Every structure is written in C-alpha cells, then in structure tokens.
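One structure is given here, and the rest of the page talks about it.
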Amino acid sequence: MHKLLARQLKRSKVDESFVQEYTDIISRVSDAYELNEREINILERSLFITSNELNERNDLLKNQLNELSDTQQQLEHSISVLNATFDAIGEQVTVLDLKGNVVSANIMAREFFERFNLDAYNYFSQIDKVIKKGNKSADIIAQLKADSKQALSGEFESIDDKHYSYRSLPQLKNGQLIGRVFCIRDISVEKEHEEIIHFQAYHDALTGLANRQLFMDRLEHSLTLARRDDSMTAVLFLDLDNFKRVNDTEGHKGGDELLIKMVERINHRLREQDTLARIGGDEFVILVELVKSKNNIENLCEALLETISKEFIINGRPQYVSSSIGIALYPQDGITPDSLLSNADMAMYDAKNNGKNAYRFYHRKLEAHAREQMDIERELRKAINNQELEIYLQPKIGLDCNQILGAEVLMRWFTASGESIPPDLFIPIAESTGLIKKIGEFAISSAISLLEQWQLEGIAPLKLAVNLSIIEFQDEHFIDYIIESISNSSISGDQLIIELTESIFMENKEKMSKTMHKLKHYGVAFALDDFGKGYSSFSYLQLLPIDYLKIDKSFLQNVITDEQSAAIAKCIIDIGHNLDLAIIAEGIEDQETLDYVSKTHCEMAQGFFMYRPMPSDSFTKLIRKNSHAK
C-alpha cells in the first residue's frame with residue numbers, strides 16, 4: 001500500500017475489516033497514488049532540469065549582455081578616440097558621398113566652412129568660392145571622370161592669401177566606390193620658409209643683393225635679349241681697396257656696416273633695371289643693360305669711384321675706402337656670362353695694379369698677360385719642387401769700419417735651360433698663389449744653414465736679412481717654422497734679421513706687434529724696408545720693436561744735386577737716430593752717395609757700387625778672404 005494512503009487510512013481510523021473488505025479498491029487507489037507520485041517525480045525532475053537550463057541561459061544572457069556592454073563601451077571609446085584624432089589631425093578632413101555632398105567633416109573642416117560661409121552641400125562648387133585663382137573643382141571633376149578611383153593631390157591659394165595642399169582617396173566598399181575623402185592642409189608657413197630659403201639661395205645674407213648664381217642667371221637672360229636686340233651690355237667687376245684695414249680697426253661688424261652703407265650709395269647711382277650683386281667679401285659685380293655707348297659706362301664708373309671714396313662714419317669714426325673697377329662689354333669682350341665676368345675680373349686687377357681707385361676696360365693684352373701669369377705659376381711650382389731656386393746675397397757694409405757685416409738674402413730663379421726669371425716677375429705671382437710661403441721657408445733654412453757653416457769655419461758672426469711678405473708674416477705656422485728652425489740650429493737668433501715693408505703695418509697693428517715680440521723673444525731683429533716710399537707713419541716706429549731703418553734708394557738718388565732731396569734724406573736719418581734705430585742706406589750706386597750717407601752717420605750701406613748680389617758660394621769665398629786678410 002502506498003505510504004500516503006496508509007497514513008490517510010490511519011488518520012481516518014479505518015479498521016482492518018474495512019481494509020480487507022475493500023482490498024481490491026484500496027489496492028487500485030494505492031496504485032493510483034504510486035503512479036501519481038512517479039508522475040510528480042518526473043515532473044519535478046523535468047522542472048529541475050528546465051530550471052537549470054533556464055538558469056544557465058540566464059547566466060549566458062547576462063554574460064552576453066555584459067560583453068555587449070563592454071563592446072559598446074569600447075566602441076564608444078574608439079569612436080571618441082577616432083573623433084578626437086579626426087579633429088586633432090591638423091588637417092581638414094571631409095568625407096563626401098557620390099554626389100559630392102559632405103557626409104562628415106572634422107572640426108578644422110567645419111571651421112573652414114564657417115570662416116568662408118560655406119554650406120555642407122555641393123562641396124566642389126562651394127570650395128571654388130575660396131580659391132584665389134582658377135577653377136580648381138572643374139579640374140578635379142575632370143580627373144575623376146577619367147578615373148573615379150584615382151588618388152588626387154595638388155595645391156591652391158585661398159582668397160585670404162593662404163596656401164593649402166590637398167590629397168584625396170576613394171572610399172571603397174567591397175570594391176565599389178561609395179564616396180571620397182579629402183584632406184586639406186594649411187602650408188602657408190612652409191611656403192614662407194620655402195620663399196626664405198629660395199631668397200637665401202639666390203641672395204647675399206648681409207646686403208640682400210643678388211649672389212653669384214642669381215647674377216649669372218640674369219646675365220644669361222640679358223645676353224639673350226642683347227643678341228635679339230643687337231644691343232650692348234656691360235659687366236662691371238668692383239673690388240674695394242684696403243677694406244681689410246676697416247675690418248682690422250673696426251671689427252667685422254664695422255666692416256659689414258660699411259659694406260651696407262656702400263651698397264646704398266651704389267644703388268643710388270644705378271638704374272632700376274641694373275643689377276648689383278655681391279660675389280665675395282668685398283667683391284661686387286654690376287650688370288648694366290642697354291648700354292648706349294662706352295662713354296656712359298665711363299661716366300658711371302667715375303660716379304661710383306667718387307661716391308665710394310667719400311667718408312664713412314663707422315663706430316663714430318671716419319673711415320675711407322676706394323675701389324678698383326674692371327669693365328667687360330658684350331659683344332666685343334665676350335659673348336658668354338663666364339667670359340664676361342672673367343674678363344671684367346682681369347680688367348679690375350689691371351686697375352688695382354695701376355694705382356687702385358681707378359677703372360679699366362678689358363683688352364686682349366690682359367688675357368695674354370693672364371696666360372703668361374698662369375704659365376709662370378705652373379713653371380714656378382715645378383721650379384720649387386725641382387730646387388731650381390737659388391739664394392743670392394748682397395753684402396751690407398759697415399760705414400764706420402768698411403767691413404762686411406752681413407747681407408740681404410735675395411731669391412733668384414734659373415730654369416733648367418739656364419734662363420734667369422726676374423724676381424719682380426715671379427715674386428708677385430708667388431705672393432698671389434701662396435707659393436711665397438715655400439719660398440720663404442727655403443730662404444730661412446738656407447740663411448740659417450749658411451750662418452751655421454760660417455760659424456763652423458770660425459768666421460766672425462754675420463747677420464743675414466730675409467724679406468718676408470705680409471702673407472708669410474700673418475701665417476702662424478710660418479712664424480712657428482722660423483722659431484723651430486732657430487731653436488734647432490746652433491746660431492744666435494740675433495743673426496737673423498726679418499725685413500718688412502711699411503705696407504704690412506697697414507694691417508692689424510696689434511697682431512703684427514704680437515708676432516714681432518714673439519720672434520723677438522728668440523733674438524730675431526727687424527728692419528723696416530723702403531721707409532718713406534709708402535705709408536710712412538712715425539707712430540709704428542715708436543710702437544713696434546724695429547731695430548733697423550732702411551732708406552729707399554729713391555730718396556738718395558739726387559741728394560748730391562738736389563738740396564730738397566738731401567734735406568728729406570737727412571730728416572729721415574735723424575728721425576731714425578732719434579728713435580735709436582740703426583740706419584741702412586740701400587741702392588748706393590756711386591761714390592758721392594756713399595760719401596753722403598757716411599757723412600750723415602748711416603750705420604750701413606748696400607748697393608751695386610760696393611757689391612752686386614752674388615751666389616752664396618761667391619759670398620762665402622768673399623768673407624773667407626776678408627777673414628784671412630784680418
């Protein structure tokens with residue numbers, strides 16, 4: 001019997017007889033209870049399973065909902081980042097549909113639309129309103145019709161004078177065109193920088209004038225017009241004289257200030273169509289077009305010389321410069337820019353070599369002279385390498401003892417064929433090419449070797465004088481070479497005399513004085529050569545450590561016959577003595593002049609009358625003979 005039925009019968013106080021009487025019915029009721037219980041168990045199991053499934057599905061839905069929420073947050077963050085990037089990209093970004101209407105635009109694009117009062121429709125026609133020149137949209141549309149999927153790029157200038165560049169790419173979906181993206185960038189600052197760089201590439205930084213490259217371009221263009229019109233063009237090559245003196249006294253800023261002021265003066269003398277260019281430190285060129293006559297150029301050059309030579313006030317002090325101008329004319333002096341500039345340059349050097357502060361026209365003899373100079377330079381380089389140079393010595397006589405006290409070292413050049421090349425021909429070329437330093441080193445080493453040789457022979461100490469140019473004297477390495485040569489020798493430094501000309505002291509006096517004192521420390525003496533011939537100034541006689549004063553022979557030639565010449569010579573000698581300088585009279589060519597310099601108490605004399613320059617071997621024999629005679 002089902003336990004639930006049994007409890008119910010018990011609770012109803014049914015006796016056993018009733019159970020027996022209704023056994024069949026009770027049995028069937030019990031079976032019904034069993035069946036019901038089984039069904040309830042099945043239902044409960046089913047509900048349990050269903051509940052678990054529902055719980056699992058609920059958990060799954062919750063997880064999916066959470067994932068969806070996370071995805072949404074990530075998507076919102078990505079959209080936020082994308083929008084921020086879109087707005088912060090530094091360019092206008094505009095997305096268009098196939099009709100050219102704006103689908104979306106970043107903040108820069110929207111600000112651009114607002115600034116020019118543009119609406120978001122019909123983008124191409126709207127953008128044309130802000131373009132300064134041309135119908136840009138028509139060009140773009142024509143390109144897109146030819147190939148709708150092509151990439152585009154270009155530049156345009158807006159009506160507010162700004163410059164923009166644009167790029168455009170097609171927007172594709174599954175290979176189908178659905179729109180187009182335009183990126184527009186403001187390149188105004190870059191354009192300004194490009195203009196500055198372009199200006200600097202073709203102009204001088206200090207003066208703002210055209211530089212060599214721009215000048216040559218303009219000259220080329222001018223010659224093209226001159227050929228067409230059968231007109232004359234002039235190229236003027238202008239170089240300042242003594243400009244280095246301004247740099248040395250006023251500094252480079254002062255020199256720059258003078259150049260700027262000078263450019264202003266020159267421009268006032270030129271026509272608007274003429275071109276003034278700076279091609280070097282103090283080198284300028286002028287292009288004069290449509291020249292009517294040579295006389296016009298002469299008048300211009302005279303005006304330029306006059307205006308440049310006027311006083312400049314630099315740092316509150318007056319400064320003066322002059323200029324040398326060379327002129328080449330098209331077509332007679334050259335038909336190419338290079339030939340005209342080169343020929344004008346040659347003419348300028350002709351003006352400089354003929355006294356400066358002048359102008360000269362090119363002529364063919366200058367070219368022949370230039371070729372000759374190049375030939376001499378080439379042969380001089382070979383001569384130095386092949387040891388064709390030789391030193392000659394011209395004795396210096398002590399006027400109180402009538403004995404040889406020393407000599408001046410002179411350079412001679414004998415070619416392999418025995419031809420003698422005059423010093424006044426090759427020395428200037430050596431100075432202009434820098435070869436003078438090698439020649440100077442040879443002179444110094446030869447002089448020291450001779451002094452050491454005579455010392456070993458027991459000959460009384462003599463002094464040898466070597467001439468140095470400003471190029472050598474300003475070279476620190478050359479000065480160090482002299483010091484090293486003396487230090488590595490057995491001679492006394494005071495046996496070496498450096499002869500300098502007055503022109504050296506027109507340079508930086510402080511630097512010159514420092515170099516002289518540096519050599520003085522090693523005993524080297526100094527002689528001032530050709531005194532009175534150039535820029536004579538008593539100030540440097542007092543300030544610089546000079547030991548000897550050499551009177552130029554031009555002051556001694558007429559001392560016997562001309563009282564004025566004698567008075568000038570006597571004045572120079574007295575000044576030297578008053579400054580405690582030994583006086584050397586050079587260029588003595590007769591007995592009368594020798595007697596005069598002896599009578600005026602010059603310490604030494606040299607000249608052809610006593611001894612001509614001679615090879616070092618001949619000089620050595622001479623002093624050996626004099627030494628034995630004693």
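Ordered as shown in the structure tokens, chains take letters A, B, and onward, while each chain numbers its residues from 1 and ligands are numbered from 1 in the order shown.
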
Item to check | Nearby residues (only C-alpha atoms) at most 6 Å from range 277-287 of chain A, same-chain spacing under 3 positions excluded, as a ChimeraX atom specification | outcome: /A:209-212,235-240,274

Going by DSSP on the backbone, which residues of range 320-533 of chain A come out as helix (DSSP H, G or I)? List them as a PyMOL selection string. chain A and resi 337-353+364-385+423-433+436-456+470-473+476-487+493-495+502-506+509-520

Please produce an output containing C-alpha atoms for each residue in the selection, written as an mmCIF file, in the first residue's frame.
data_model
loop_
_atom_site.group_PDB
_atom_site.id
_atom_site.type_symbol
_atom_site.label_atom_id
_atom_site.label_comp_id
_atom_site.auth_asym_id
_atom_site.auth_seq_id
_atom_site.Cartn_x
_atom_site.Cartn_y
_atom_site.Cartn_z
ATOM 1 C CA PRO A 337 78.421 85.085 -68.854
ATOM 2 C CA ASP A 338 81.596 83.311 -67.735
ATOM 3 C CA SER A 339 83.837 85.034 -70.277
ATOM 4 C CA LEU A 340 82.433 88.484 -69.493
ATOM 5 C CA LEU A 341 82.818 88.007 -65.731
ATOM 6 C CA SER A 342 86.332 86.610 -66.121
ATOM 7 C CA ASN A 343 87.407 89.441 -68.411
ATOM 8 C CA ALA A 344 85.911 92.082 -66.124
ATOM 9 C CA ASP A 345 87.840 90.458 -63.269
ATOM 10 C CA MET A 346 91.090 90.722 -65.246
ATOM 11 C CA ALA A 347 90.381 94.363 -66.012
ATOM 12 C CA MET A 348 89.740 95.018 -62.311
ATOM 13 C CA TYR A 349 93.164 93.609 -61.391
ATOM 14 C CA ASP A 350 94.670 95.807 -64.083
ATOM 15 C CA ALA A 351 93.098 98.822 -62.335
ATOM 16 C CA LYS A 352 94.335 97.565 -58.949
ATOM 17 C CA ASN A 353 97.868 97.036 -60.244
ATOM 18 C CA ARG A 364 93.076 91.360 -75.191
ATOM 19 C CA LYS A 365 96.553 92.056 -73.854
ATOM 20 C CA LEU A 366 95.170 91.363 -70.364
ATOM 21 C CA GLU A 367 94.221 87.840 -71.411
ATOM 22 C CA ALA A 368 97.684 87.260 -72.829
ATOM 23 C CA HIS A 369 99.131 88.619 -69.591
ATOM 24 C CA ALA A 370 96.875 86.308 -67.554
ATOM 25 C CA ARG A 371 98.029 83.312 -69.578
ATOM 26 C CA GLU A 372 101.625 84.363 -69.040
ATOM 27 C CA GLN A 373 100.974 84.602 -65.293
ATOM 28 C CA MET A 374 99.462 81.105 -65.297
ATOM 29 C CA ASP A 375 102.444 79.745 -67.234
ATOM 30 C CA ILE A 376 104.852 81.345 -64.770
ATOM 31 C CA GLU A 377 102.888 79.970 -61.829
ATOM 32 C CA ARG A 378 102.954 76.459 -63.317
ATOM 33 C CA GLU A 379 106.694 76.646 -64.002
ATOM 34 C CA LEU A 380 107.322 78.162 -60.552
ATOM 35 C CA ARG A 381 105.663 75.202 -58.877
ATOM 36 C CA LYS A 382 107.945 72.900 -60.857
ATOM 37 C CA ALA A 383 110.957 75.065 -60.001
ATOM 38 C CA ILE A 384 110.239 74.811 -56.272
ATOM 39 C CA ASN A 385 109.860 71.023 -56.488
ATOM 40 C CA PRO A 423 112.206 88.361 -59.140
ATOM 41 C CA ASP A 424 109.803 91.209 -59.908
ATOM 42 C CA LEU A 425 108.078 88.788 -62.297
ATOM 43 C CA PHE A 426 107.760 85.666 -60.159
ATOM 44 C CA ILE A 427 107.609 87.060 -56.594
ATOM 45 C CA PRO A 428 104.204 88.803 -57.072
ATOM 46 C CA ILE A 429 102.839 85.574 -58.560
ATOM 47 C CA ALA A 430 104.252 83.608 -55.633
ATOM 48 C CA GLU A 431 102.514 86.005 -53.223
ATOM 49 C CA SER A 432 99.157 85.806 -55.001
ATOM 50 C CA THR A 433 99.216 81.986 -55.112
ATOM 51 C CA ILE A 436 105.713 82.564 -51.300
ATOM 52 C CA LYS A 437 105.487 80.539 -48.068
ATOM 53 C CA LYS A 438 107.514 77.688 -49.551
ATOM 54 C CA ILE A 439 109.990 80.194 -50.988
ATOM 55 C CA GLY A 440 110.197 81.900 -47.593
ATOM 56 C CA GLU A 441 110.872 78.599 -45.833
ATOM 57 C CA PHE A 442 113.637 77.904 -48.340
ATOM 58 C CA ALA A 443 115.154 81.356 -47.709
ATOM 59 C CA ILE A 444 115.033 80.929 -43.904
ATOM 60 C CA SER A 445 116.517 77.422 -43.931
ATOM 61 C CA SER A 446 119.236 78.449 -46.422
ATOM 62 C CA ALA A 447 120.173 81.518 -44.375
ATOM 63 C CA ILE A 448 120.449 79.507 -41.148
ATOM 64 C CA SER A 449 122.484 76.773 -42.882
ATOM 65 C CA LEU A 450 124.959 79.370 -44.189
ATOM 66 C CA LEU A 451 125.283 81.009 -40.769
ATOM 67 C CA GLU A 452 125.970 77.602 -39.210
ATOM 68 C CA GLN A 453 128.528 76.822 -41.945
ATOM 69 C CA TRP A 454 130.399 80.103 -41.357
ATOM 70 C CA GLN A 455 130.278 79.510 -37.625
ATOM 71 C CA LEU A 456 131.983 76.133 -38.066
ATOM 72 C CA ILE A 470 102.525 90.052 -45.278
ATOM 73 C CA ILE A 471 101.240 86.629 -46.375
ATOM 74 C CA GLU A 472 104.134 84.912 -44.626
ATOM 75 C CA PHE A 473 104.180 87.207 -41.620
ATOM 76 C CA GLU A 476 101.260 81.481 -37.590
ATOM 77 C CA HIS A 477 102.615 78.204 -38.958
ATOM 78 C CA PHE A 478 105.297 80.091 -40.881
ATOM 79 C CA ILE A 479 106.301 82.046 -37.755
ATOM 80 C CA ASP A 480 106.480 78.765 -35.831
ATOM 81 C CA TYR A 481 108.691 77.409 -38.625
ATOM 82 C CA ILE A 482 111.159 80.295 -38.116
ATOM 83 C CA ILE A 483 111.226 79.738 -34.342
ATOM 84 C CA GLU A 484 111.678 75.984 -34.743
ATOM 85 C CA SER A 485 114.461 76.482 -37.301
ATOM 86 C CA ILE A 486 116.362 78.833 -34.952
ATOM 87 C CA SER A 487 115.789 76.578 -31.924
ATOM 88 C CA GLY A 493 118.685 84.422 -33.056
ATOM 89 C CA ASP A 494 120.028 87.965 -33.451
ATOM 90 C CA GLN A 495 121.988 86.815 -36.525
ATOM 91 C CA GLU A 502 105.628 99.593 -44.463
ATOM 92 C CA SER A 503 102.509 98.149 -46.092
ATOM 93 C CA ILE A 504 102.458 95.334 -43.524
ATOM 94 C CA PHE A 505 101.705 97.825 -40.781
ATOM 95 C CA MET A 506 98.579 98.971 -42.568
ATOM 96 C CA LYS A 509 98.990 96.568 -35.863
ATOM 97 C CA GLU A 510 98.220 94.681 -32.641
ATOM 98 C CA LYS A 511 98.615 91.319 -34.356
ATOM 99 C CA MET A 512 101.784 92.455 -36.133
ATOM 100 C CA SER A 513 103.259 93.700 -32.852
ATOM 101 C CA LYS A 514 102.394 90.428 -31.090
ATOM 102 C CA THR A 515 104.099 88.400 -33.831
ATOM 103 C CA MET A 516 107.193 90.632 -33.763
ATOM 104 C CA HIS A 517 107.550 90.317 -29.983
ATOM 105 C CA LYS A 518 107.116 86.558 -30.266
ATOM 106 C CA LEU A 519 110.109 86.400 -32.640
ATOM 107 C CA LYS A 520 111.994 88.978 -30.550
#

Residue neighbourhood range 576-578 of chain A, 12 Å, only C-alpha atoms, exclusion window fewer than 2 positions, as an MDAnalysis selection string:
chainID A and resid 527:528 531:532 538 541:542 546:551 569:574 580:585 600:603

Store the residues picked out above, limited to N, CA and C atoms, as a compact mmCIF listing (two decimals), in the first residue's frame.
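Just written: selection_11.txt:
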# COMPACT_ATOMS: atom_id res chain seq x y z
N ALA A 527 113.98 94.86 -39.57
CA ALA A 527 114.35 96.03 -40.35
C ALA A 527 113.13 96.50 -41.13
N LEU A 528 112.92 97.81 -41.13
CA LEU A 528 111.83 98.39 -41.90
C LEU A 528 112.36 98.79 -43.26
N PHE A 531 111.62 102.60 -46.24
CA PHE A 531 110.95 103.63 -45.45
C PHE A 531 110.80 104.92 -46.27
N GLY A 532 109.61 105.52 -46.17
CA GLY A 532 109.34 106.76 -46.88
C GLY A 532 108.72 106.56 -48.24
N PHE A 538 105.14 107.73 -38.28
CA PHE A 538 106.11 107.68 -37.18
C PHE A 538 105.55 106.89 -35.99
N LEU A 541 106.88 103.42 -35.76
CA LEU A 541 108.31 103.41 -35.44
C LEU A 541 108.51 103.42 -33.93
N GLN A 542 107.56 104.04 -33.22
CA GLN A 542 107.65 104.10 -31.76
C GLN A 542 107.06 102.85 -31.11
N ILE A 546 111.22 97.71 -33.87
CA ILE A 546 112.06 97.78 -35.07
C ILE A 546 113.49 98.13 -34.66
N ASP A 547 114.47 97.47 -35.30
CA ASP A 547 115.88 97.68 -34.98
C ASP A 547 116.61 98.48 -36.06
N TYR A 548 116.20 98.29 -37.32
CA TYR A 548 116.90 98.92 -38.44
C TYR A 548 115.89 99.68 -39.30
N LEU A 549 116.35 100.79 -39.84
CA LEU A 549 115.55 101.58 -40.76
C LEU A 549 116.30 101.67 -42.08
N LYS A 550 115.69 101.13 -43.15
CA LYS A 550 116.32 101.16 -44.46
C LYS A 550 115.71 102.30 -45.29
N ILE A 551 116.55 103.20 -45.76
CA ILE A 551 116.08 104.32 -46.57
C ILE A 551 116.01 103.88 -48.02
N ALA A 569 116.22 113.28 -47.03
CA ALA A 569 117.03 112.14 -46.61
C ALA A 569 117.62 112.38 -45.23
N LYS A 570 118.16 113.59 -45.01
CA LYS A 570 118.75 113.93 -43.71
C LYS A 570 117.70 113.87 -42.60
N CYS A 571 116.48 114.31 -42.91
CA CYS A 571 115.39 114.28 -41.93
C CYS A 571 115.06 112.83 -41.52
N ILE A 572 114.99 111.94 -42.51
CA ILE A 572 114.68 110.53 -42.22
C ILE A 572 115.79 109.91 -41.38
N ILE A 573 117.04 110.21 -41.73
CA ILE A 573 118.18 109.66 -40.98
C ILE A 573 118.15 110.16 -39.55
N ASP A 574 117.88 111.43 -39.35
CA ASP A 574 117.85 112.00 -37.99
C ASP A 574 116.71 111.39 -37.16
N ASP A 580 116.69 105.73 -31.90
CA ASP A 580 117.69 104.71 -31.57
C ASP A 580 117.64 103.53 -32.54
N LEU A 581 117.45 103.84 -33.82
CA LEU A 581 117.45 102.82 -34.87
C LEU A 581 118.73 102.92 -35.68
N ALA A 582 119.24 101.76 -36.09
CA ALA A 582 120.39 101.75 -36.99
C ALA A 582 119.90 102.02 -38.41
N ILE A 583 120.59 102.88 -39.15
CA ILE A 583 120.15 103.29 -40.48
C ILE A 583 120.94 102.53 -41.54
N ILE A 584 120.20 101.92 -42.48
CA ILE A 584 120.82 101.23 -43.61
C ILE A 584 120.43 101.96 -44.88
N ALA A 585 121.43 102.45 -45.61
CA ALA A 585 121.17 103.13 -46.88
C ALA A 585 121.29 102.09 -48.00
N THR A 600 126.44 111.48 -43.07
CA THR A 600 125.23 111.68 -42.25
C THR A 600 125.06 110.58 -41.21
N HIS A 601 126.15 109.79 -41.04
CA HIS A 601 126.23 108.82 -39.94
C HIS A 601 125.28 107.63 -40.09
N CYS A 602 125.00 107.24 -41.33
CA CYS A 602 124.30 105.97 -41.52
C CYS A 602 125.22 104.84 -41.06
N GLU A 603 124.65 103.83 -40.44
CA GLU A 603 125.49 102.74 -39.92
C GLU A 603 125.94 101.79 -41.02

inquiry  = Report, in Å with one decimal, the straight-line distance from CA of Leu276 in chain A to CA of Gly316 in chain A.
reply    =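 Interatomic distance here is 27.7 Å.
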
Between CA of Ile327 in chain A and CA of Ala358 in chain A, measure the distance and give it in Å to one decimal.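 Going from CA of Ile327 in chain A over to CA of Ala358 in chain A covers 11.1 Å.
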
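Minimum atom-to-atom distances from A:Lys621, A:His252, A:Arg115, A:Arg612 to Lys396 in chain A were compared using only C-alpha atoms, and the lowest value belongs to A:Arg612.
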
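Across the structure, CA of Leu393 in chain A and CA of Pro613 in chain A are spaced 5.1 Å apart.
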
DSSP on the backbone: what in range 104-281 of chain A comes out strand (DSSP E or B), as a PyMOL selection string? chain A and resi 104-105+131+152-158+163-173+176-186+203+210+232-241+275-278

Would you output that residue set with N, CA and C atoms, as a compact mmCIF listing (two decimals), in the first residue's frame?
# COMPACT_ATOMS: atom_id res chain seq x y z
N SER A 104 30.55 63.81 -43.61
CA SER A 104 31.11 64.16 -42.30
C SER A 104 32.34 65.03 -42.51
N ALA A 105 32.66 65.79 -41.47
CA ALA A 105 33.82 66.68 -41.54
C ALA A 105 34.37 66.89 -40.14
N ILE A 131 38.93 79.74 -53.53
CA ILE A 131 40.18 79.62 -54.29
C ILE A 131 40.45 80.92 -55.01
N LEU A 152 44.20 61.75 -55.74
CA LEU A 152 44.43 63.11 -56.22
C LEU A 152 45.30 63.88 -55.24
N SER A 153 46.03 64.88 -55.75
CA SER A 153 46.80 65.78 -54.89
C SER A 153 47.06 67.07 -55.65
N GLY A 154 47.31 68.14 -54.90
CA GLY A 154 47.59 69.42 -55.53
C GLY A 154 47.65 70.54 -54.50
N GLU A 155 47.74 71.75 -54.97
CA GLU A 155 47.81 72.92 -54.10
C GLU A 155 46.89 74.02 -54.64
N PHE A 156 46.49 74.93 -53.74
CA PHE A 156 45.74 76.11 -54.17
C PHE A 156 45.97 77.24 -53.18
N GLU A 157 45.70 78.46 -53.61
CA GLU A 157 45.82 79.64 -52.76
C GLU A 157 44.43 80.20 -52.51
N SER A 158 44.11 80.49 -51.25
CA SER A 158 42.79 80.98 -50.90
C SER A 158 42.71 82.50 -51.07
N HIS A 163 48.03 79.44 -48.32
CA HIS A 163 48.33 78.36 -49.26
C HIS A 163 47.93 77.03 -48.64
N TYR A 164 47.31 76.17 -49.45
CA TYR A 164 46.85 74.86 -48.98
C TYR A 164 47.30 73.77 -49.95
N SER A 165 47.52 72.61 -49.38
CA SER A 165 47.73 71.42 -50.22
C SER A 165 46.57 70.47 -49.94
N TYR A 166 46.19 69.67 -50.93
CA TYR A 166 45.10 68.71 -50.73
C TYR A 166 45.51 67.33 -51.25
N ARG A 167 44.91 66.32 -50.60
CA ARG A 167 45.05 64.93 -51.02
C ARG A 167 43.66 64.30 -50.97
N SER A 168 43.39 63.39 -51.86
CA SER A 168 42.08 62.74 -51.88
C SER A 168 42.23 61.28 -52.28
N LEU A 169 41.50 60.41 -51.51
CA LEU A 169 41.50 58.98 -51.81
C LEU A 169 40.06 58.51 -51.94
N PRO A 170 39.82 57.50 -52.78
CA PRO A 170 38.45 56.98 -52.93
C PRO A 170 38.03 56.18 -51.70
N GLN A 171 36.74 56.20 -51.37
CA GLN A 171 36.19 55.39 -50.29
C GLN A 171 35.50 54.19 -50.93
N LEU A 172 36.01 53.00 -50.66
CA LEU A 172 35.53 51.79 -51.33
C LEU A 172 34.88 50.83 -50.33
N LYS A 173 33.85 50.11 -50.79
CA LYS A 173 33.21 49.05 -50.01
C LYS A 173 32.96 47.88 -50.94
N GLN A 176 33.48 48.61 -54.43
CA GLN A 176 32.61 49.59 -55.06
C GLN A 176 32.86 50.97 -54.45
N LEU A 177 32.87 51.98 -55.31
CA LEU A 177 33.08 53.35 -54.86
C LEU A 177 31.81 53.85 -54.16
N ILE A 178 31.97 54.31 -52.91
CA ILE A 178 30.81 54.82 -52.17
C ILE A 178 31.00 56.28 -51.76
N GLY A 179 32.19 56.82 -52.00
CA GLY A 179 32.43 58.21 -51.64
C GLY A 179 33.90 58.57 -51.81
N ARG A 180 34.30 59.68 -51.25
CA ARG A 180 35.67 60.14 -51.39
C ARG A 180 36.05 60.98 -50.17
N VAL A 181 37.31 60.84 -49.73
CA VAL A 181 37.81 61.60 -48.59
C VAL A 181 38.81 62.64 -49.09
N PHE A 182 38.62 63.89 -48.64
CA PHE A 182 39.55 64.98 -48.97
C PHE A 182 40.25 65.45 -47.70
N CYS A 183 41.58 65.55 -47.77
CA CYS A 183 42.38 66.12 -46.67
C CYS A 183 43.04 67.40 -47.19
N ILE A 184 42.80 68.50 -46.49
CA ILE A 184 43.36 69.79 -46.89
C ILE A 184 44.22 70.32 -45.75
N ARG A 185 45.47 70.71 -46.08
CA ARG A 185 46.41 71.16 -45.06
C ARG A 185 46.89 72.58 -45.36
N ASP A 186 46.97 73.40 -44.33
CA ASP A 186 47.48 74.77 -44.47
C ASP A 186 49.01 74.71 -44.55
N HIS A 203 70.49 85.13 -52.89
CA HIS A 203 70.83 86.48 -52.42
C HIS A 203 71.89 86.42 -51.34
N ALA A 210 71.68 90.33 -54.99
CA ALA A 210 71.80 89.07 -55.73
C ALA A 210 73.17 88.46 -55.47
N MET A 232 74.15 96.54 -76.49
CA MET A 232 75.39 96.34 -75.75
C MET A 232 75.08 96.19 -74.26
N THR A 233 75.79 95.28 -73.63
CA THR A 233 75.65 95.02 -72.18
C THR A 233 77.03 95.14 -71.55
N ALA A 234 77.05 95.67 -70.33
CA ALA A 234 78.33 95.84 -69.63
C ALA A 234 78.31 95.08 -68.31
N VAL A 235 79.44 94.46 -67.98
CA VAL A 235 79.65 93.83 -66.68
C VAL A 235 80.78 94.58 -65.98
N LEU A 236 80.49 95.11 -64.79
CA LEU A 236 81.48 95.84 -64.00
C LEU A 236 81.88 95.00 -62.80
N PHE A 237 83.15 94.75 -62.65
CA PHE A 237 83.67 93.99 -61.51
C PHE A 237 84.33 94.98 -60.56
N LEU A 238 83.77 95.12 -59.36
CA LEU A 238 84.21 96.14 -58.41
C LEU A 238 84.79 95.47 -57.17
N ASP A 239 86.01 95.87 -56.82
CA ASP A 239 86.68 95.34 -55.63
C ASP A 239 87.16 96.51 -54.77
N LEU A 240 86.88 96.44 -53.47
CA LEU A 240 87.29 97.53 -52.58
C LEU A 240 88.78 97.48 -52.31
N ASP A 241 89.39 98.64 -52.22
CA ASP A 241 90.81 98.75 -51.89
C ASP A 241 90.93 99.00 -50.38
N THR A 275 71.58 95.51 -62.27
CA THR A 275 71.69 94.53 -61.18
C THR A 275 73.03 94.68 -60.47
N LEU A 276 72.96 94.87 -59.16
CA LEU A 276 74.15 94.90 -58.31
C LEU A 276 74.18 93.60 -57.51
N ALA A 277 75.30 92.90 -57.54
CA ALA A 277 75.42 91.62 -56.83
C ALA A 277 76.70 91.59 -56.02
N ARG A 278 76.65 90.85 -54.93
CA ARG A 278 77.86 90.63 -54.12
C ARG A 278 78.29 89.19 -54.32

Distance criterion (only C-alpha atoms): nearest to Lys553 in chain A out of A:Gln606, A:Gln403, A:Ser293, A:Asn83:
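For Lys553 in chain A, the nearest of the given residues is A:Gln606.
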
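Distance check against Val559 in chain A using only C-alpha atoms: of A:Ile42, A:Ala6, A:Leu594, A:Val189, the minimum falls on A:Leu594.
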
- Counting only C-alpha atoms, the residue of A:Asn467, A:Asn174, A:Gln591, A:Thr336 that sits nearest Asp217 in chain A: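 Selected residue with least distance to Asp217 in chain A: A:Thr336.
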